[in-house]
$ cat run-v5.cif   # mmCIF, C-alpha atoms
data_model
loop_
_atom_site.label_atom_id
_atom_site.label_comp_id
_atom_site.auth_asym_id
_atom_site.auth_seq_id
_atom_site.Cartn_x
_atom_site.Cartn_y
_atom_site.Cartn_z
CA MET W 1 0.00 0.00 0.00
CA LYS W 2 1.21 3.48 -0.80
CA SER W 3 2.00 5.90 1.99
CA ALA W 4 -1.09 7.58 3.38
CA TYR W 5 -1.18 11.12 4.69
CA TYR W 6 -3.92 13.21 6.19
CA SER W 7 -4.92 16.76 6.88
CA VAL W 8 -7.46 17.87 9.45
CA ALA W 9 -10.33 20.17 8.53
CA SER W 10 -12.18 21.84 11.40
CA THR W 11 -15.80 21.81 10.25
CA ALA W 12 -19.15 22.69 11.75
CA PHE W 13 -19.48 18.98 12.54
CA GLY W 14 -16.08 18.71 14.24
CA ASP W 15 -12.63 17.81 12.97
CA ALA W 16 -12.63 15.71 9.79
CA GLY W 17 -9.58 13.83 8.56
CA VAL W 18 -8.90 14.07 4.82
CA VAL W 19 -6.80 11.03 3.97
CA TRP W 20 -4.78 11.17 0.78
CA THR W 21 -1.90 9.65 -1.12
CA GLN W 22 0.31 10.72 -4.00
CA LYS W 23 -0.65 9.44 -7.43
CA ASP W 24 1.41 10.53 -10.41
CA GLY W 25 2.78 13.44 -8.38
CA SER W 26 -0.63 14.77 -7.34
CA PRO W 27 -2.66 14.08 -4.23
CA THR W 28 -5.73 11.89 -4.47
CA VAL W 29 -8.24 11.75 -1.63
CA MET W 30 -8.87 8.20 -0.41
CA LYS W 31 -11.27 8.88 2.45
CA ILE W 32 -12.79 11.64 4.51
CA CYS W 33 -13.22 10.57 8.13
CA PHE W 34 -16.01 12.60 9.65
CA PRO W 35 -16.12 12.91 13.43
CA VAL W 36 -17.62 10.14 15.52
CA GLU W 37 -18.61 10.87 19.11
CA GLY W 38 -15.98 9.67 21.53
CA LYS W 39 -13.32 9.03 18.87
CA GLY W 40 -10.67 11.53 17.90
CA THR W 41 -9.87 12.25 14.28
CA ASP W 42 -6.36 10.83 14.61
CA ASN W 43 -7.76 7.55 16.00
CA LEU W 44 -10.31 7.28 13.18
CA VAL W 45 -7.69 7.86 10.50
CA GLN W 46 -5.28 5.38 12.08
CA ARG W 47 -8.05 2.77 12.28
CA TYR W 48 -8.46 2.77 8.50
CA PHE W 49 -4.91 3.78 7.54
CA PRO W 50 -2.39 2.60 10.15
CA GLY W 51 0.79 4.66 10.01
CA ALA W 52 -0.79 7.59 8.15
CA GLU W 53 1.12 10.81 8.74
CA ILE W 54 -0.18 14.33 9.12
CA ARG W 55 0.99 16.23 6.07
CA SER W 56 -0.21 19.23 4.15
CA HIS W 57 -0.57 19.79 0.41
CA ARG W 58 -2.09 22.85 -1.20
CA ASN W 59 -4.63 20.83 -3.21
CA VAL W 60 -5.71 18.91 -0.12
CA GLU W 61 -5.98 22.16 1.81
CA LYS W 62 -8.46 23.33 -0.86
CA VAL W 63 -10.59 20.26 -0.13
CA CYS W 64 -10.36 21.07 3.60
CA HIS W 65 -11.42 24.64 2.86
CA HIS W 66 -14.49 23.42 0.95
CA LEU W 67 -15.40 21.05 3.79
CA ARG W 68 -15.35 24.01 6.17
CA GLN W 69 -17.34 26.28 3.85
CA TYR W 70 -19.93 23.79 2.58
CA PRO W 71 -22.34 24.17 5.55
CA ALA W 72 -22.30 27.95 4.91
CA GLY W 73 -23.66 27.35 1.42
CA ASP W 74 -20.47 27.57 -0.62
CA PRO W 75 -20.42 24.94 -3.36
CA PRO W 76 -17.41 22.63 -3.43
CA GLU W 77 -15.09 23.25 -6.34
CA PHE W 78 -12.98 20.20 -6.95
CA SER W 79 -12.95 17.50 -9.56
CA LEU W 80 -13.95 13.91 -9.02
CA ASN W 81 -10.58 13.16 -10.61
CA MET W 82 -9.03 14.12 -7.27
CA LEU W 83 -10.73 11.15 -5.61
CA ASP W 84 -9.00 7.79 -5.41
CA VAL W 85 -11.85 5.41 -6.19
CA ARG W 86 -9.75 2.26 -6.62
CA ALA W 87 -11.17 0.83 -3.38
CA CYS W 88 -14.74 1.49 -4.55
CA SER W 89 -16.84 -1.09 -6.32
CA GLN W 90 -18.29 -0.25 -9.72
CA PHE W 91 -21.66 0.14 -7.99
CA GLN W 92 -20.21 2.70 -5.56
CA ARG W 93 -18.60 4.58 -8.46
CA ASN W 94 -21.92 4.67 -10.30
CA VAL W 95 -23.64 6.07 -7.20
CA LEU W 96 -20.91 8.68 -6.73
CA ILE W 97 -21.06 9.87 -10.34
CA LEU W 98 -24.86 10.10 -10.30
CA VAL W 99 -25.06 11.87 -6.94
CA TRP W 100 -22.32 14.30 -8.00
CA SER W 101 -24.45 15.22 -11.03
CA ILE W 102 -27.46 16.26 -8.92
CA PRO W 103 -27.57 20.07 -9.14
CA ARG W 104 -26.96 22.06 -5.98
CA GLY W 105 -30.24 22.75 -4.21
CA MET W 106 -31.90 19.67 -5.66
CA VAL W 107 -32.39 16.40 -3.82
CA GLY W 108 -32.54 12.78 -4.77
CA THR W 109 -33.79 9.77 -2.86
CA TYR W 110 -31.88 6.54 -2.43
CA LYS W 111 -34.67 4.81 -4.34
CA GLY W 112 -34.46 7.36 -7.16
CA VAL W 113 -30.68 6.98 -7.42
CA ALA W 114 -31.00 3.18 -7.46
CA GLU W 115 -33.58 3.36 -10.25
CA ARG W 116 -31.45 5.73 -12.31
CA ILE W 117 -28.46 3.38 -12.14
CA ARG W 118 -30.78 0.46 -12.93
CA VAL W 119 -30.55 -1.39 -9.61
CA ARG W 120 -34.09 -2.35 -8.82
CA GLY W 121 -34.73 -2.51 -5.07
CA GLY W 122 -31.27 -1.06 -4.38
CA ALA W 123 -32.23 1.92 -2.21
CA ARG W 124 -30.56 0.55 0.92
CA ALA W 125 -27.41 -0.33 -1.02
CA VAL W 126 -27.28 3.23 -2.41
CA GLY W 127 -27.52 4.57 1.13
CA MET W 128 -24.57 2.43 2.17
CA ALA W 129 -22.47 3.31 -0.86
#

$ encode --input "run-v5.cif" --output "structure tokens"
Amino acid sequence: MKSAYYSVASTAFGDAGVVWTQKDGSPTVMKICFPVEGKGTDNLVQRYFPGAEIRSHRNVEKVCHHLRQYPAGDPPEFSLNMLDVRACSQFQRNVLILVWSIPRGMVGTYKGVAERIRVRGGARAVGMA
């Protein structure tokens, strides 16, 4: 496994860990660990990525900035290309791409997403993706 690094974004929900690695000289985000009551961000990151180091990168800091600003209504401005989806199943990728395409201010249901990606009865699976 490649070296994993993380940055911490203080959000309205608490500290989130943005875990990333280098891919072709650029950072790719592997996971965002949102706060869980009673568990620190460092512990959450280490649970999924043992040995991950705190490190900063300007592109990752932009992601952290958007995580902080999102609850205030600022739309995130980063490409899905910055996400490392190698650990995702094709189903999860399909859900991600469809949900990303939903315009800001609009909503979609798990059932509606499942139907649009042609997975009949897949609402619960969409919610878990």

$ atom_distance --input "run-v5.cif" --atom1 "atom CA of W:Lys39" --atom2 "atom CA of W:Val85"
25.4 Å

$ closest_residue --input "run-v5.cif" --among "W:Asp42, W:Ala125, W:Val8, W:Lys23" --to "W:Lys111" --atoms "only C-alpha atoms"
W:Ala125

$ residues_around --input "run-v5.cif" --residues "W:Ser7" --least-positions-apart "2" --cutoff "12 Å" --atoms "all atoms listed in the file" --output "PyMOL selection string"
chain W and resi 4-5+9-10+15-21+27+29-33+41-42+45+52-65+67

$ write_last_selection --input "run-v5.cif" --atoms "C-alpha atoms" --output "mmCIF file, in the coordinates of the input"
data_model
loop_
_atom_site.group_PDB
_atom_site.id
_atom_site.type_symbol
_atom_site.label_atom_id
_atom_site.label_comp_id
_atom_site.auth_asym_id
_atom_site.auth_seq_id
_atom_site.Cartn_x
_atom_site.Cartn_y
_atom_site.Cartn_z
ATOM 1 C CA ALA W 4 -1.090 7.580 3.380
ATOM 2 C CA TYR W 5 -1.180 11.120 4.690
ATOM 3 C CA ALA W 9 -10.330 20.170 8.530
ATOM 4 C CA SER W 10 -12.180 21.840 11.400
ATOM 5 C CA ASP W 15 -12.630 17.810 12.970
ATOM 6 C CA ALA W 16 -12.630 15.710 9.790
ATOM 7 C CA GLY W 17 -9.580 13.830 8.560
ATOM 8 C CA VAL W 18 -8.900 14.070 4.820
ATOM 9 C CA VAL W 19 -6.800 11.030 3.970
ATOM 10 C CA TRP W 20 -4.780 11.170 0.780
ATOM 11 C CA THR W 21 -1.900 9.650 -1.120
ATOM 12 C CA PRO W 27 -2.660 14.080 -4.230
ATOM 13 C CA VAL W 29 -8.240 11.750 -1.630
ATOM 14 C CA MET W 30 -8.870 8.200 -0.410
ATOM 15 C CA LYS W 31 -11.270 8.880 2.450
ATOM 16 C CA ILE W 32 -12.790 11.640 4.510
ATOM 17 C CA CYS W 33 -13.220 10.570 8.130
ATOM 18 C CA THR W 41 -9.870 12.250 14.280
ATOM 19 C CA ASP W 42 -6.360 10.830 14.610
ATOM 20 C CA VAL W 45 -7.690 7.860 10.500
ATOM 21 C CA ALA W 52 -0.790 7.590 8.150
ATOM 22 C CA GLU W 53 1.120 10.810 8.740
ATOM 23 C CA ILE W 54 -0.180 14.330 9.120
ATOM 24 C CA ARG W 55 0.990 16.230 6.070
ATOM 25 C CA SER W 56 -0.210 19.230 4.150
ATOM 26 C CA HIS W 57 -0.570 19.790 0.410
ATOM 27 C CA ARG W 58 -2.090 22.850 -1.200
ATOM 28 C CA ASN W 59 -4.630 20.830 -3.210
ATOM 29 C CA VAL W 60 -5.710 18.910 -0.120
ATOM 30 C CA GLU W 61 -5.980 22.160 1.810
ATOM 31 C CA LYS W 62 -8.460 23.330 -0.860
ATOM 32 C CA VAL W 63 -10.590 20.260 -0.130
ATOM 33 C CA CYS W 64 -10.360 21.070 3.600
ATOM 34 C CA HIS W 65 -11.420 24.640 2.860
ATOM 35 C CA LEU W 67 -15.400 21.050 3.790
#

$ closest_residue --input "run-v5.cif" --among "W:Gln69, W:Asn43, W:Leu98, W:Ser26" --to "W:Phe13" --atoms "all atoms listed in the file"
W:Gln69

$ atom_distance --input "run-v5.cif" --atom1 "atom CA of W:Gly108" --atom2 "atom CA of W:Pro75"
17.2 Å

$ residues_near_point --input "run-v5.cif" --point "(-27.0, 4.5, -2.0)" --cutoff "10 Å" --atoms "all atoms listed in the file" --output "list in words"
Phe91, Gln92, Asn94, Val95, Leu96, Val99, Thr109, Tyr110, Lys111, Gly112, Val113, Ala114, Gly122, Ala123, Arg124, Ala125, Val126, Gly127, Met128 and Ala129 of chain W

$ atom_distance --input "run-v5.cif" --atom1 "atom CA of W:Leu83" --atom2 "atom CA of W:Glu115"
24.6 Å

$ resolve_selection --input "run-v5.cif" --expression "the PyMOL selection byres ((chain W and resi 78) around 9)" --output "ChimeraX atom specification"
/W:62-63,66,76-77,79-82

$ write_last_selection --input "run-v5.cif" --atoms "C-alpha atoms" --output "PDB file, keeping the file's coordinate frame"
ATOM      1  CA  LYS W  62      -8.460  23.330  -0.860  1.00  0.00           C
ATOM      2  CA  VAL W  63     -10.590  20.260  -0.130  1.00  0.00           C
ATOM      3  CA  HIS W  66     -14.490  23.420   0.950  1.00  0.00           C
ATOM      4  CA  PRO W  76     -17.410  22.630  -3.430  1.00  0.00           C
ATOM      5  CA  GLU W  77     -15.090  23.250  -6.340  1.00  0.00           C
ATOM      6  CA  SER W  79     -12.950  17.500  -9.560  1.00  0.00           C
ATOM      7  CA  LEU W  80     -13.950  13.910  -9.020  1.00  0.00           C
ATOM      8  CA  ASN W  81     -10.580  13.160 -10.610  1.00  0.00           C
ATOM      9  CA  MET W  82      -9.030  14.120  -7.270  1.00  0.00           C
TER      10      MET W  82
END

$ closest_residue --input "run-v5.cif" --among "W:Asp24, W:Asp74, W:Tyr6, W:Ser89" --to "W:Gly105" --atoms "all atoms listed in the file"
W:Asp74

$ build_atoms --input "run-v5.cif" --residues "stretch 50-76 of chain W" --atoms "N, CA, C and O atoms" --output "mmCIF file, in the frame of the given file"
data_model
loop_
_atom_site.group_PDB
_atom_site.id
_atom_site.type_symbol
_atom_site.label_atom_id
_atom_site.label_comp_id
_atom_site.auth_asym_id
_atom_site.auth_seq_id
_atom_site.Cartn_x
_atom_site.Cartn_y
_atom_site.Cartn_z
ATOM 1 N N PRO W 50 -3.446 2.641 9.136
ATOM 2 C CA PRO W 50 -2.390 2.600 10.150
ATOM 3 C C PRO W 50 -1.089 3.196 9.611
ATOM 4 O O PRO W 50 -0.674 2.905 8.490
ATOM 5 N N GLY W 51 -0.473 4.045 10.401
ATOM 6 C CA GLY W 51 0.790 4.660 10.010
ATOM 7 C C GLY W 51 0.646 5.930 9.186
ATOM 8 O O GLY W 51 1.649 6.528 8.804
ATOM 9 N N ALA W 52 -0.598 6.349 8.910
ATOM 10 C CA ALA W 52 -0.790 7.590 8.150
ATOM 11 C C ALA W 52 -0.169 8.756 8.901
ATOM 12 O O ALA W 52 -0.229 8.831 10.127
ATOM 13 N N GLU W 53 0.443 9.655 8.153
ATOM 14 C CA GLU W 53 1.120 10.810 8.740
ATOM 15 C C GLU W 53 0.363 12.093 8.430
ATOM 16 O O GLU W 53 -0.175 12.239 7.338
ATOM 17 N N ILE W 54 0.388 13.011 9.389
ATOM 18 C CA ILE W 54 -0.180 14.330 9.120
ATOM 19 C C ILE W 54 0.756 15.054 8.157
ATOM 20 O O ILE W 54 1.958 15.133 8.399
ATOM 21 N N ARG W 55 0.203 15.503 7.062
ATOM 22 C CA ARG W 55 0.990 16.230 6.070
ATOM 23 C C ARG W 55 0.053 17.137 5.306
ATOM 24 O O ARG W 55 -1.107 16.833 5.108
ATOM 25 N N SER W 56 0.594 18.245 4.863
ATOM 26 C CA SER W 56 -0.210 19.230 4.150
ATOM 27 C C SER W 56 0.182 19.255 2.668
ATOM 28 O O SER W 56 1.315 18.965 2.308
ATOM 29 N N HIS W 57 -0.790 19.571 1.842
ATOM 30 C CA HIS W 57 -0.570 19.790 0.410
ATOM 31 C C HIS W 57 -1.595 20.824 -0.021
ATOM 32 O O HIS W 57 -2.744 20.779 0.401
ATOM 33 N N ARG W 58 -1.187 21.749 -0.859
ATOM 34 C CA ARG W 58 -2.090 22.850 -1.200
ATOM 35 C C ARG W 58 -3.401 22.385 -1.807
ATOM 36 O O ARG W 58 -4.453 22.944 -1.519
ATOM 37 N N ASN W 59 -3.385 21.329 -2.618
ATOM 38 C CA ASN W 59 -4.630 20.830 -3.210
ATOM 39 C C ASN W 59 -5.541 20.186 -2.160
ATOM 40 O O ASN W 59 -6.758 20.312 -2.220
ATOM 41 N N VAL W 60 -4.931 19.508 -1.196
ATOM 42 C CA VAL W 60 -5.710 18.910 -0.120
ATOM 43 C C VAL W 60 -6.263 20.003 0.786
ATOM 44 O O VAL W 60 -7.398 19.905 1.270
ATOM 45 N N GLU W 61 -5.494 21.045 0.998
ATOM 46 C CA GLU W 61 -5.980 22.160 1.810
ATOM 47 C C GLU W 61 -7.201 22.829 1.162
ATOM 48 O O GLU W 61 -8.076 23.329 1.851
ATOM 49 N N LYS W 62 -7.266 22.806 -0.172
ATOM 50 C CA LYS W 62 -8.460 23.330 -0.860
ATOM 51 C C LYS W 62 -9.677 22.470 -0.535
ATOM 52 O O LYS W 62 -10.766 22.986 -0.318
ATOM 53 N N VAL W 63 -9.492 21.160 -0.503
ATOM 54 C CA VAL W 63 -10.590 20.260 -0.130
ATOM 55 C C VAL W 63 -11.023 20.567 1.299
ATOM 56 O O VAL W 63 -12.221 20.662 1.593
ATOM 57 N N CYS W 64 -10.055 20.740 2.202
ATOM 58 C CA CYS W 64 -10.360 21.070 3.600
ATOM 59 C C CYS W 64 -11.137 22.384 3.677
ATOM 60 O O CYS W 64 -12.114 22.496 4.431
ATOM 61 N N HIS W 65 -10.732 23.352 2.892
ATOM 62 C CA HIS W 65 -11.420 24.640 2.860
ATOM 63 C C HIS W 65 -12.885 24.448 2.448
ATOM 64 O O HIS W 65 -13.798 24.994 3.067
ATOM 65 N N HIS W 66 -13.117 23.658 1.411
ATOM 66 C CA HIS W 66 -14.490 23.420 0.950
ATOM 67 C C HIS W 66 -15.312 22.662 1.985
ATOM 68 O O HIS W 66 -16.508 22.919 2.133
ATOM 69 N N LEU W 67 -14.692 21.747 2.716
ATOM 70 C CA LEU W 67 -15.400 21.050 3.790
ATOM 71 C C LEU W 67 -15.843 22.017 4.874
ATOM 72 O O LEU W 67 -16.919 21.873 5.445
ATOM 73 N N ARG W 68 -14.995 23.010 5.149
ATOM 74 C CA ARG W 68 -15.350 24.010 6.170
ATOM 75 C C ARG W 68 -16.443 24.937 5.671
ATOM 76 O O ARG W 68 -17.314 25.347 6.430
ATOM 77 N N GLN W 69 -16.413 25.288 4.395
ATOM 78 C CA GLN W 69 -17.340 26.280 3.850
ATOM 79 C C GLN W 69 -18.674 25.693 3.391
ATOM 80 O O GLN W 69 -19.655 26.415 3.287
ATOM 81 N N TYR W 70 -18.727 24.407 3.118
ATOM 82 C CA TYR W 70 -19.930 23.790 2.580
ATOM 83 C C TYR W 70 -21.179 24.062 3.418
ATOM 84 O O TYR W 70 -22.219 24.439 2.870
ATOM 85 N N PRO W 71 -21.131 23.902 4.753
ATOM 86 C CA PRO W 71 -22.340 24.170 5.550
ATOM 87 C C PRO W 71 -22.824 25.627 5.439
ATOM 88 O O PRO W 71 -23.988 25.914 5.682
ATOM 89 N N ALA W 72 -21.927 26.538 5.064
ATOM 90 C CA ALA W 72 -22.300 27.950 4.910
ATOM 91 C C ALA W 72 -22.940 28.217 3.554
ATOM 92 O O ALA W 72 -23.335 29.343 3.266
ATOM 93 N N GLY W 73 -23.017 27.179 2.710
ATOM 94 C CA GLY W 73 -23.660 27.350 1.420
ATOM 95 C C GLY W 73 -22.731 27.499 0.241
ATOM 96 O O GLY W 73 -23.174 27.651 -0.889
ATOM 97 N N ASP W 74 -21.414 27.467 0.486
ATOM 98 C CA ASP W 74 -20.470 27.570 -0.620
ATOM 99 C C ASP W 74 -20.353 26.232 -1.333
ATOM 100 O O ASP W 74 -20.097 25.212 -0.695
ATOM 101 N N PRO W 75 -20.531 26.210 -2.650
ATOM 102 C CA PRO W 75 -20.420 24.940 -3.360
ATOM 103 C C PRO W 75 -18.981 24.456 -3.435
ATOM 104 O O PRO W 75 -18.059 25.259 -3.585
ATOM 105 N N PRO W 76 -18.771 23.150 -3.304
ATOM 106 C CA PRO W 76 -17.410 22.630 -3.430
ATOM 107 C C PRO W 76 -16.929 22.766 -4.864
ATOM 108 O O PRO W 76 -17.707 22.620 -5.801
#
